[in-house]
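Structure data (CSV, C-alpha atoms) from run-v8.csv:
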chain,number,residue,atom,x,y,z
A,207,MET,CA,95.6,100.4,128.8
A,208,ASP,CA,92.7,97.9,128.7
A,209,ARG,CA,93.6,94.4,127.7
A,210,HIS,CA,91.8,92.7,124.8
A,211,ARG,CA,90.3,89.4,125.6
A,212,ILE,CA,90.0,86.9,122.7
A,213,LEU,CA,88.4,83.5,122.6
A,214,ILE,CA,89.3,80.9,120.0
A,215,VAL,CA,86.6,78.3,119.6
A,216,GLU,CA,88.0,75.5,117.4
A,217,ASP,CA,88.1,71.7,117.8
A,218,SER,CA,91.4,71.2,115.9
A,219,PRO,CA,94.4,71.7,118.3
A,220,THR,CA,96.6,72.4,115.2
A,221,MET,CA,94.3,75.3,114.2
A,222,ARG,CA,94.1,76.6,117.7
A,223,GLN,CA,97.9,76.7,117.9
A,224,LEU,CA,98.1,78.5,114.6
A,225,LEU,CA,95.5,81.1,115.6
A,226,VAL,CA,97.3,81.6,118.9
A,227,PHE,CA,100.5,82.2,117.0
A,228,ALA,CA,98.9,84.7,114.7
A,229,LEU,CA,97.2,86.6,117.6
A,230,LYS,CA,100.2,86.7,119.9
A,231,ARG,CA,101.5,89.6,117.9
A,232,LEU,CA,98.6,91.7,119.2
A,233,LYS,CA,99.8,93.8,122.1
A,234,ASN,CA,97.7,93.6,125.4
A,235,ALA,CA,95.8,90.6,124.3
A,236,ASP,CA,94.7,87.7,126.5
A,237,ILE,CA,93.9,84.6,124.4
A,238,VAL,CA,91.7,81.8,125.7
A,239,GLU,CA,91.0,78.5,123.9
A,240,ALA,CA,87.7,76.5,123.7
A,241,GLN,CA,87.6,73.1,122.1
A,242,ASP,CA,84.0,73.1,120.9
A,243,GLY,CA,80.8,75.2,120.8
A,244,MET,CA,79.6,74.1,124.2
A,245,ASP,CA,83.0,74.9,125.8
A,246,GLY,CA,82.9,78.2,124.0
A,247,LEU,CA,79.4,79.1,125.3
A,248,ARG,CA,80.5,78.2,128.9
A,249,LYS,CA,83.5,80.5,128.6
A,250,VAL,CA,81.6,83.5,127.0
A,251,THR,CA,78.9,83.4,129.6
A,252,SER,CA,81.3,83.1,132.6
A,253,ASP,CA,83.9,85.6,131.4
A,254,HIS,CA,84.2,88.8,129.3
A,255,PHE,CA,85.6,88.6,125.8
A,256,ASP,CA,86.0,91.4,123.2
A,257,LEU,CA,86.4,89.0,120.2
A,258,ALA,CA,85.6,85.4,119.4
A,259,LEU,CA,87.1,83.4,116.5
A,260,VAL,CA,84.7,80.6,115.8
A,261,ASP,CA,84.9,77.5,113.6
A,262,ILE,CA,81.7,76.2,112.1
A,263,ASN,CA,82.1,72.4,112.0
A,264,MET,CA,82.7,71.3,115.5
A,265,PRO,CA,81.5,68.4,117.7
A,266,VAL,CA,79.0,68.9,120.6
A,267,MET,CA,77.8,72.3,119.4
A,268,ASP,CA,78.6,73.8,116.0
A,269,GLY,CA,79.8,77.4,115.4
A,270,LEU,CA,76.5,78.7,113.9
A,271,LYS,CA,74.5,77.5,116.9
A,272,LEU,CA,77.1,79.2,119.2
A,273,ILE,CA,76.8,82.5,117.3
A,274,SER,CA,73.0,82.5,117.4
A,275,LEU,CA,73.1,81.8,121.2
A,276,ILE,CA,75.7,84.6,121.7
A,277,ARG,CA,73.6,87.1,119.7
A,278,GLY,CA,70.5,86.1,121.7
A,279,GLU,CA,72.2,87.3,124.9
A,280,ASP,CA,71.9,91.1,125.6
A,281,ASN,CA,75.1,91.3,127.6
A,282,LEU,CA,77.1,89.7,124.8
A,283,LYS,CA,75.9,92.0,122.0
A,284,ASP,CA,79.2,94.0,121.9
A,285,MET,CA,81.4,91.0,121.5
A,286,ARG,CA,82.8,90.8,117.9
A,287,ILE,CA,82.7,87.5,116.2
A,288,CYS,CA,84.8,86.2,113.3
A,289,VAL,CA,84.0,82.9,111.7
A,290,ILE,CA,87.0,80.8,110.5
A,291,THR,CA,85.9,77.9,108.5
A,292,THR,CA,86.6,75.5,105.5
A,293,GLU,CA,83.1,76.4,104.2
A,294,GLY,CA,83.8,78.7,101.2
A,295,ALA,CA,80.3,78.8,99.7
A,296,SER,CA,78.6,82.2,99.6
A,297,GLU,CA,75.4,80.8,101.2
A,298,ASP,CA,77.5,79.7,104.3
A,299,ARG,CA,79.0,83.1,104.5
A,300,ASP,CA,75.6,84.8,104.2
A,301,ARG,CA,74.1,82.5,106.8
A,302,ALA,CA,76.9,83.2,109.3
A,303,LEU,CA,76.7,87.0,108.8
A,304,ALA,CA,72.9,86.9,109.1
A,305,LEU,CA,73.2,85.1,112.4
A,306,GLY,CA,75.4,87.9,113.7
A,307,ALA,CA,79.0,87.2,112.7
A,308,ASP,CA,81.0,90.3,112.0
A,309,GLU,CA,83.7,88.7,109.7
A,310,TYR,CA,84.0,85.5,107.7
A,311,LEU,CA,87.4,84.0,106.9
A,312,THR,CA,88.0,80.8,105.0
A,313,LYS,CA,90.7,78.2,105.6
A,314,PRO,CA,93.5,77.7,104.9
A,315,ILE,CA,94.2,80.8,106.9
A,316,GLN,CA,97.1,83.2,106.6
A,317,ALA,CA,98.4,84.6,110.0
A,318,HIS,CA,98.6,88.2,108.7
A,319,LYS,CA,95.0,88.1,107.6
A,320,VAL,CA,93.8,86.8,110.9
A,321,LEU,CA,95.8,89.5,112.7
A,322,ALA,CA,94.4,92.3,110.4
A,323,ILE,CA,90.8,91.2,111.0
A,324,ALA,CA,91.4,90.9,114.7
A,325,LYS,CA,92.9,94.4,114.8
A,326,SER,CA,90.0,95.9,112.7
A,327,LEU,CA,87.3,94.2,114.9
A,328,LEU,CA,89.1,95.3,118.1
A,329,LYS,CA,89.7,98.8,116.6
A,330,VAL,CA,93.4,98.7,117.4
A,331,GLU,CA,96.4,100.0,115.4
B,123,MET,CA,96.3,133.8,151.2
B,124,SER,CA,95.1,137.3,151.9
B,125,HIS,CA,93.4,139.6,149.4
B,126,ASP,CA,96.5,141.9,149.3
B,127,ASP,CA,98.8,139.0,148.6
B,128,GLU,CA,96.5,137.8,145.8
B,129,LEU,CA,96.5,141.3,144.3
B,130,GLN,CA,100.3,141.5,144.6
B,131,ARG,CA,100.7,138.1,142.9
B,132,ARG,CA,98.4,139.1,140.0
B,133,ALA,CA,100.2,142.4,139.7
B,134,ASP,CA,103.6,140.5,139.5
B,135,GLU,CA,102.1,138.2,136.9
B,136,PHE,CA,100.8,141.1,134.8
B,137,LEU,CA,104.2,142.8,135.0
B,138,GLY,CA,105.9,139.6,134.0
B,139,ILE,CA,103.7,139.3,130.9
B,140,PHE,CA,104.2,143.0,130.1
B,141,ARG,CA,108.0,142.6,130.4
B,142,LYS,CA,107.9,139.6,128.1
B,143,GLY,CA,105.8,141.7,125.6
B,144,ALA,CA,108.3,144.5,125.8
B,145,ASP,CA,111.3,142.2,125.2
B,146,PHE,CA,109.5,140.7,122.2
B,147,THR,CA,108.7,144.1,120.7
B,148,LYS,CA,112.4,145.1,121.1
B,149,GLN,CA,113.5,141.9,119.3
B,150,LEU,CA,111.0,142.6,116.5
B,151,LEU,CA,112.4,146.1,116.1
B,152,ARG,CA,115.9,144.8,116.0
B,153,GLU,CA,115.0,142.2,113.3
B,154,ASN,CA,113.2,144.9,111.4
B,155,GLU,CA,116.2,147.1,111.5
B,156,ARG,CA,118.5,144.3,110.3
B,157,LEU,CA,116.2,143.4,107.4
B,158,ARG,CA,115.9,147.1,106.4
B,159,ARG,CA,119.7,147.4,106.2
B,160,GLN,CA,119.9,144.2,104.2
B,161,ILE,CA,117.4,145.5,101.7
B,162,LEU,CA,119.3,148.8,101.5
B,163,ALA,CA,122.5,146.9,100.8
B,164,VAL,CA,120.9,144.8,98.0
B,165,ASP,CA,119.3,148.0,96.5
B,166,ASP,CA,122.6,149.7,96.7
B,167,ARG,CA,124.4,146.8,94.9
B,168,GLN,CA,121.7,146.6,92.2
B,169,THR,CA,121.9,150.4,91.7
B,170,THR,CA,125.7,150.2,91.4
B,171,ALA,CA,125.4,147.2,89.1
B,172,ALA,CA,122.8,149.0,86.9
B,173,GLN,CA,125.2,151.9,86.5
B,174,SER,CA,128.2,149.8,85.5
B,175,ASP,CA,128.2,147.0,82.9
B,176,LEU,CA,131.2,145.4,84.6
B,177,GLU,CA,129.4,145.3,87.9
B,178,TRP,CA,126.3,144.1,86.2
B,179,ASP,CA,128.2,141.2,84.5
B,180,LYS,CA,129.9,140.4,87.8
B,181,LEU,CA,126.5,140.2,89.6
B,182,ARG,CA,125.0,138.2,86.8
B,183,VAL,CA,127.9,135.7,86.8
B,184,GLU,CA,127.7,135.5,90.5
B,185,LEU,CA,123.9,134.8,90.4
B,186,LEU,CA,124.2,132.3,87.6
B,187,GLU,CA,126.9,130.5,89.6
B,188,ARG,CA,124.6,130.5,92.6
B,189,ILE,CA,121.7,129.1,90.5
B,190,ARG,CA,124.0,126.3,89.2
B,191,GLY,CA,125.1,125.5,92.7
B,192,LEU,CA,121.5,125.4,93.9
B,193,GLU,CA,120.4,123.3,90.9
B,194,GLU,CA,123.2,120.8,91.7
B,195,GLU,CA,122.2,120.7,95.3
B,196,LYS,CA,118.6,120.1,94.2
B,197,ARG,CA,119.8,117.2,92.0
B,198,ASP,CA,121.8,115.7,94.9
B,199,VAL,CA,118.8,116.0,97.2
B,200,LEU,CA,116.5,114.4,94.6
B,201,GLU,CA,119.0,111.6,94.0
B,202,ARG,CA,119.3,111.0,97.7
B,203,LEU,CA,115.5,111.0,98.0
B,204,ARG,CA,115.2,108.5,95.2
B,205,ALA,CA,117.8,106.3,96.8
B,206,VAL,CA,116.1,106.4,100.2
B,207,GLU,CA,112.7,105.7,98.5
B,208,GLU,CA,114.2,102.7,96.7
B,209,GLU,CA,115.8,101.5,100.0
B,210,ASN,CA,112.5,101.9,101.7
B,211,ARG,CA,110.7,99.8,99.0
B,212,GLN,CA,113.4,97.1,99.4
B,213,PHE,CA,112.9,97.1,103.1
B,214,ALA,CA,109.1,96.9,102.7
B,215,SER,CA,109.4,94.0,100.3
B,216,ARG,CA,112.0,92.3,102.5
B,217,TYR,CA,109.7,92.8,105.5
B,218,LEU,CA,106.8,91.1,103.6
B,219,GLU,CA,109.1,88.2,102.6
B,220,VAL,CA,110.4,87.8,106.2
B,221,GLU,CA,106.8,88.0,107.4
B,222,GLU,CA,105.7,85.3,104.9
B,223,GLU,CA,108.7,83.1,105.7
B,224,ASN,CA,107.9,83.5,109.4
B,225,ASN,CA,104.3,82.4,108.9
B,226,ASN,CA,105.4,79.5,106.8
B,227,LEU,CA,107.9,78.4,109.4
B,228,ALA,CA,105.2,78.7,112.1
B,229,ASN,CA,102.9,76.5,110.0
B,230,LEU,CA,105.6,73.9,109.5
B,231,TYR,CA,106.7,74.0,113.2
B,232,ILE,CA,103.1,73.6,114.4
B,233,SER,CA,102.5,70.7,112.0
B,234,SER,CA,105.6,68.8,113.1
B,235,PHE,CA,104.9,69.6,116.7
B,236,GLN,CA,101.4,68.2,116.5
B,237,LEU,CA,102.5,65.2,114.5
B,238,HIS,CA,104.9,64.1,117.2
B,239,SER,CA,102.7,65.0,120.1
B,240,THR,CA,101.2,61.5,120.4
B,241,LEU,CA,102.0,57.8,120.0
B,242,ASN,CA,98.4,56.8,119.5
B,243,LEU,CA,97.9,55.8,115.8
B,244,SER,CA,94.3,57.1,115.5
B,245,GLU,CA,95.4,60.4,117.1
B,246,VAL,CA,98.3,60.7,114.6
B,247,LEU,CA,95.9,60.0,111.7
B,248,LYS,CA,93.5,62.6,113.1
B,249,ILE,CA,96.3,65.2,113.2
B,250,VAL,CA,97.3,64.3,109.6
B,251,LEU,CA,93.7,64.8,108.6
B,252,GLU,CA,93.6,68.2,110.4
B,253,ILE,CA,96.8,69.4,108.8
B,254,VAL,CA,95.6,68.4,105.3
B,255,ILE,CA,92.2,70.1,105.8
B,256,ASN,CA,93.2,73.2,107.6
B,257,LEU,CA,96.7,74.0,106.3
B,258,VAL,CA,96.7,72.5,102.8
B,259,GLY,CA,93.0,73.2,102.2
B,260,ALA,CA,92.0,69.7,100.8
B,261,GLU,CA,88.3,68.7,100.5
B,262,ARG,CA,88.4,65.1,99.6
B,263,PHE,CA,91.4,62.9,100.4
B,264,ALA,CA,92.5,59.7,102.1
B,265,ILE,CA,95.4,58.5,104.2
B,266,TYR,CA,96.8,55.1,103.1
B,267,VAL,CA,98.9,52.8,105.3
B,268,ALA,CA,101.2,50.2,103.6
B,269,ASP,CA,100.9,46.5,104.5
B,270,GLU,CA,104.4,45.1,104.1
B,271,ARG,CA,103.2,41.5,103.9
B,272,THR,CA,100.7,42.0,101.1
B,273,ARG,CA,102.5,45.0,99.5
B,274,GLN,CA,99.2,46.9,99.4
B,275,LEU,CA,98.2,50.4,100.4
B,276,GLN,CA,95.0,50.4,102.5
B,277,PRO,CA,93.0,53.6,103.1
B,278,VAL,CA,92.7,54.0,106.9
B,279,ALA,CA,91.3,57.5,107.3
B,280,SER,CA,89.5,59.9,104.9
B,281,GLU,CA,87.8,63.2,104.6
B,282,GLY,CA,85.1,64.3,102.2
B,283,ASP,CA,83.9,60.8,101.4
B,284,GLU,CA,83.4,57.3,102.8
B,285,LEU,CA,86.6,55.4,103.5
B,286,SER,CA,85.2,52.6,101.3
B,287,SER,CA,85.1,54.9,98.3
B,288,PHE,CA,88.9,55.0,98.2
B,289,PRO,CA,90.4,52.1,96.3
B,290,VAL,CA,93.2,49.8,97.6
B,291,PHE,CA,96.4,50.1,95.6
B,292,ALA,CA,99.4,47.7,95.2
B,293,ILE,CA,102.7,49.4,95.8
B,294,GLY,CA,104.1,50.3,92.4
B,295,ASP,CA,100.7,50.4,90.7
B,296,GLY,CA,98.8,53.6,89.6
B,297,ILE,CA,99.7,57.1,90.7
B,298,VAL,CA,99.5,56.3,94.4
B,299,GLY,CA,101.4,53.0,94.3
B,300,SER,CA,104.1,54.5,92.0
B,301,ALA,CA,104.6,57.5,94.3
B,302,VAL,CA,105.1,55.2,97.3
B,303,ALA,CA,107.4,53.0,95.3
B,304,THR,CA,109.6,55.8,94.0
B,305,GLY,CA,109.2,58.2,97.0
B,306,GLU,CA,108.4,61.1,94.7
B,307,THR,CA,105.4,63.4,95.4
B,308,TRP,CA,102.9,63.5,92.6
B,309,CYS,CA,101.4,66.9,92.0
B,310,GLY,CA,98.9,67.4,89.2
B,311,ASP,CA,97.3,70.6,87.8
B,312,PRO,CA,94.2,71.6,89.8
B,313,GLU,CA,92.6,73.0,86.7
B,314,ALA,CA,93.2,69.9,84.5
B,315,GLU,CA,90.5,67.2,83.9
B,316,ARG,CA,91.2,64.0,85.8
B,317,ALA,CA,89.6,60.6,86.2
B,318,PRO,CA,87.7,60.4,89.5
B,319,SER,CA,90.0,57.7,90.9
B,320,GLU,CA,93.1,59.7,89.9
B,321,PRO,CA,94.4,61.9,92.8
B,322,LEU,CA,95.4,65.5,92.3
B,323,VAL,CA,98.3,65.1,94.8
B,324,CYS,CA,99.9,62.0,96.2
B,325,ILE,CA,102.4,62.4,99.0
B,326,PRO,CA,104.3,59.2,99.6
B,327,LEU,CA,105.1,58.4,103.3
B,328,ARG,CA,108.4,56.7,103.6
B,329,LEU,CA,111.0,56.1,106.3
B,330,GLU,CA,114.3,55.8,104.5
B,331,ASP,CA,113.5,53.0,102.0
B,332,ARG,CA,110.6,51.6,103.9
B,333,PRO,CA,107.1,52.4,102.5
B,334,ILE,CA,104.8,53.6,105.3
B,335,GLY,CA,101.8,54.8,103.3
B,336,ALA,CA,100.5,57.8,101.3
B,337,ILE,CA,98.2,60.7,101.4
B,338,ALA,CA,96.1,61.0,98.2
B,339,ILE,CA,94.3,64.3,97.7
B,340,HIS,CA,91.5,64.2,95.2
B,341,SER,CA,90.0,67.7,95.5
B,342,LEU,CA,90.7,71.0,97.1
B,343,LEU,CA,88.3,73.4,99.0
B,344,GLN,CA,86.5,75.7,96.6
B,345,GLN,CA,88.3,78.8,97.8
B,346,LYS,CA,91.7,77.1,97.3
B,347,GLY,CA,92.9,78.1,93.8
B,348,GLY,CA,96.2,76.2,93.5
B,349,PHE,CA,99.3,75.4,95.4
B,350,SER,CA,101.6,77.9,97.0
B,351,PRO,CA,105.3,77.3,97.9
B,352,LEU,CA,104.1,76.6,101.5
B,353,ASP,CA,101.9,73.8,100.3
B,354,HIS,CA,105.0,72.1,98.7
B,355,GLU,CA,106.9,72.6,101.9
B,356,LEU,CA,104.0,71.0,103.8
B,357,PHE,CA,104.0,68.1,101.4
B,358,THR,CA,107.7,67.5,102.1
B,359,LEU,CA,107.1,67.9,105.8
B,360,LEU,CA,104.2,65.4,105.7
B,361,ALA,CA,106.2,63.0,103.6
B,362,GLY,CA,108.9,62.7,106.3
B,363,HIS,CA,107.2,63.6,109.6
B,364,ALA,CA,103.8,61.9,109.1
B,365,ALA,CA,105.7,58.8,108.0
B,366,THR,CA,107.8,58.9,111.2
B,367,ALA,CA,104.8,59.6,113.4
B,368,ILE,CA,102.7,56.8,111.9
B,369,PHE,CA,105.6,54.3,112.1
B,370,ALA,CA,106.4,55.3,115.7
B,371,ALA,CA,102.7,55.0,116.7
B,372,GLN,CA,102.5,51.6,114.9
B,373,LEU,CA,105.6,50.4,116.8
B,374,TYR,CA,104.3,51.7,120.1
B,375,GLY,CA,100.9,50.0,119.5
B,376,LEU,CA,102.7,46.7,118.7
B,377,SER,CA,105.0,46.9,121.7
B,378,GLU,CA,102.0,47.7,123.9
B,379,ARG,CA,100.2,44.6,122.6
B,380,LYS,CA,103.3,42.4,123.1
B,381,LEU,CA,103.8,43.8,126.6
B,382,ASN,CA,100.1,42.9,127.4
B,383,THR,CA,100.6,39.4,126.0
B,384,ILE,CA,103.8,38.9,128.0
B,385,GLN,CA,102.2,40.3,131.1
B,386,GLY,CA,99.3,37.8,130.5
B,387,PHE,CA,101.8,34.9,130.4
B,388,ILE,CA,103.6,36.1,133.5
B,389,ASP,CA,100.3,36.4,135.4
B,390,LEU,CA,99.3,32.9,134.2
B,391,LEU,CA,102.5,31.4,135.4
B,392,THR,CA,102.7,33.2,138.7
B,393,LYS,CA,99.1,32.7,139.8
Write out the structure in this file as structure tokens.
Amino acid sequence: MDRHRILIVEDSPTMRQLLVFALKRLKNADIVEAQDGMDGLRKVTSDHFDLALVDINMPVMDGLKLISLIRGEDNLKDMRICVITTEGASEDRDRALALGADEYLTKPIQAHKVLAIAKSLLKVE
Amino acid sequence: MSHDDELQRRADEFLGIFRKGADFTKQLLRENERLRRQILAVDDRQTTAAQSDLEWDKLRVELLERIRGLEEEKRDVLERLRAVEEENRQFASRYLEVEEENNNLANLYISSFQLHSTLNLSEVLKIVLEIVINLVGAERFAIYVADERTRQLQPVASEGDELSSFPVFAIGDGIVGSAVATGETWCGDPEAERAPSEPLVCIPLRLEDRPIGAIAIHSLLQQKGGFSPLDHELFTLLAGHAATAIFAAQLYGLSERKLNTIQGFIDLLTK
């Protein structure tokens, strides 16, 4: 069975640890962490990922910039992207989805919601 | 394999299938014969019963008894089904409770793990900010540290507004000062009107009887409707663990400074 590769792009170590905890329940998943947009970009361009969970407000490079760069790359078009952010305004949501995000989840997060979204984006039971 | 062998194999195969078909047909004929006899027996019984009132009554009583038995059996089965469904519902609801409890414990574990992961005061404050933003869902808030000498609470880190916009409080004064003096968390109604300087939540940070500081939350993220039981658990965790982490980091910083001073003296004397 193919393994699912998931990238968490989040500057807060607390949030990264929480997301890893939530996603650990996915079978056959490899989870990789990136601490900002630039680190995330380096990782998606040098390795294959099926799903990226991306925060918006991050130092060095924000999540929206990262999403637009990912969607500009032909070989990364199949990668699913879920935004996880504190920004709850509908304009922020629309902007992220227009840039190419597949899902938009606001903080504070609940582990079961993160898991459900990851399963649906990865099309696993 | 030669052509003859192949023909022989196919012939055997065909014969095998044919034999199976023949056996099946025999079985069908036997079953047909059995059912035919059963029908004849039932017809015979009914005919006998129709000719004699006594036989007819006997058959009727027998059939009514059978119906009652079956009805009872049906009731038992339905009862068992209902019990199993109820048990199933209880398991599902218990599963959700355990799942939620598990998630809450994970949040609390991760928060306390992060709080005690460093002895650097600015790192500790950053972690407290992260927990309050990401786990509680606060938008505008400040962390205060108590000055034992002046008995004042100074804002040292904030989110959602400039640090200077958060006032200094004396321990015992106002909501923030009183919460620190009494050690009781203040939690207002998110829907109620408040003065801008009045916090919605104030978590006192104390180590035993020693005031360490406070976290004053003034507003929540727009998607955060109110407080869940987990939020209250987080307030309790922050009240204890953030206080310990800040105090430990302050002590460590102080010891580092003292060590540097002593080292400076030693270097001065030995050079």
Compute the chain A side of the contact with chain B at 8 Å, counting all atoms listed in the file, and hand it back as a PDB file with C-alpha atoms, keeping the file's coordinate frame.
ATOM      1  CA  SER A 218      91.400  71.200 115.900  1.00  0.00           C
ATOM      2  CA  THR A 220      96.600  72.400 115.200  1.00  0.00           C
ATOM      3  CA  MET A 221      94.300  75.300 114.200  1.00  0.00           C
ATOM      4  CA  GLN A 223      97.900  76.700 117.900  1.00  0.00           C
ATOM      5  CA  LEU A 224      98.100  78.500 114.600  1.00  0.00           C
ATOM      6  CA  PHE A 227     100.500  82.200 117.000  1.00  0.00           C
ATOM      7  CA  THR A 292      86.600  75.500 105.500  1.00  0.00           C
ATOM      8  CA  GLU A 293      83.100  76.400 104.200  1.00  0.00           C
ATOM      9  CA  GLY A 294      83.800  78.700 101.200  1.00  0.00           C
ATOM     10  CA  ALA A 295      80.300  78.800  99.700  1.00  0.00           C
ATOM     11  CA  THR A 312      88.000  80.800 105.000  1.00  0.00           C
ATOM     12  CA  LYS A 313      90.700  78.200 105.600  1.00  0.00           C
ATOM     13  CA  PRO A 314      93.500  77.700 104.900  1.00  0.00           C
ATOM     14  CA  ILE A 315      94.200  80.800 106.900  1.00  0.00           C
ATOM     15  CA  GLN A 316      97.100  83.200 106.600  1.00  0.00           C
ATOM     16  CA  ALA A 317      98.400  84.600 110.000  1.00  0.00           C
TER      17      ALA A 317
END
- [ ] May I ask which of the residues A:Val320, A:Lys233, A:Ser274, A:Ala302 is the closest one to Asp208 of chain A, counting all atoms listed in the file?
- [x]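 Of A:Val320, A:Lys233, A:Ser274, A:Ala302, the one nearest Asp208 of chain A is A:Lys233, counting all atoms listed in the file.
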TODO: Using atom CA of Leu360 of chain B and atom CA of Ala301 of chain B as the two end points, give the distance in Å to one decimal.
DONE: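 So the two atoms, atom CA of Leu360 of chain B and atom CA of Ala301 of chain B, lie 13.9 Å apart.
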Open item on the list: Residues within 8 Å of (87.4, 91.2, 124.1), file coordinates, counting only C-alpha atoms: what are they? Give the list as number ranges by chain.
Closed with: A: 209-213, 254-258, 285-286, 328
- [ ] Could you check how far atom CA of Ile339 of chain B sits from atom CA of Ala365 of chain B, in Å to one decimal?
- [x]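 Spanning atom CA of Ile339 of chain B to atom CA of Ala365 of chain B is a straight-line distance of 16.3 Å.
Atom CA of Arg182 of chain B sits 25.3 Å away from atom CA of Val199 of chain B.
Closest approach to Arg248 of chain A among A:Leu232, A:Val226, A:Val215, A:Ala322 is made by A:Val215 (distances from all atoms listed in the file).
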TODO: For segment 280-285 of chain B, work out the shell of residues within 8 Å, counting all atoms listed in the file and skipping chain neighbours fewer than 2 positions away, then give it as a ChimeraX atom specification.
DONE: /B:251,261-265,277-278,287-288
- [ ] Find, counting all atoms listed in the file, the residue in B:Ser286, B:Ala371, B:Trp308, B:Asp295 that gets nearest to Phe357 of chain B.
- [x]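 Closest to Phe357 of chain B, using all atoms listed in the file: B:Trp308.
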Task: Polymer residues at most 9 Å from (100.5, 54.7, 120.6) by only C-alpha atoms, as a list in words - done: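 Collected hits near the coordinates: Thr240, Leu241, Asn242, Leu243, Ser244, Glu245, Val246, Ala370, Ala371, Gln372, Leu373, Tyr374, Gly375, Leu376 and Glu378 of chain B.
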Open item on the list: Using all atoms listed in the file, which protein or nucleic acid residues come within 9 Å of Ala361 of chain B? Drop anything in the same chain fewer than 2 positions from it, and give the result as number ranges by chain.
Closed with: B: 305, 307, 325-329, 336-337, 356-359, 363-366
TODO: Have a look at A:Asp236, A:Asp261, A:Asp253, A:Asp242 and name the one nearest to Asn281 of chain A; count all atoms listed in the file.
DONE: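 Among A:Asp236, A:Asp261, A:Asp253, A:Asp242, it is A:Asp253 that comes nearest to Asn281 of chain A.
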TODO: Might you pull out every residue within 10 Å of Arg222 of chain A, with all atoms listed in the file counted and same-chain residues fewer than 6 positions away left off, and present them as a ChimeraX atom specification?
DONE: /A:214-216,228,238-241,259
Can you list, as a PDB file with C-alpha atoms, in the coordinates of the input, every protein, DNA or RNA residue that comes within 8 Å of Gln274 of chain B when you count only C-alpha atoms, leaving out same-chain residues fewer than 2 positions away?
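Produced file around.pdb, reproduced below:
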ATOM      1  CA  ALA B 268     101.200  50.200 103.600  1.00  0.00           C
ATOM      2  CA  ASP B 269     100.900  46.500 104.500  1.00  0.00           C
ATOM      3  CA  GLU B 270     104.400  45.100 104.100  1.00  0.00           C
ATOM      4  CA  THR B 272     100.700  42.000 101.100  1.00  0.00           C
ATOM      5  CA  GLN B 276      95.000  50.400 102.500  1.00  0.00           C
ATOM      6  CA  VAL B 290      93.200  49.800  97.600  1.00  0.00           C
ATOM      7  CA  PHE B 291      96.400  50.100  95.600  1.00  0.00           C
ATOM      8  CA  ALA B 292      99.400  47.700  95.200  1.00  0.00           C
ATOM      9  CA  ILE B 293     102.700  49.400  95.800  1.00  0.00           C
TER      10      ILE B 293
END
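The closest residue to Glu306 of chain B, picked from B:Val267, B:Lys142, B:Leu275, B:Gly362 and counting all atoms listed in the file, is B:Gly362.
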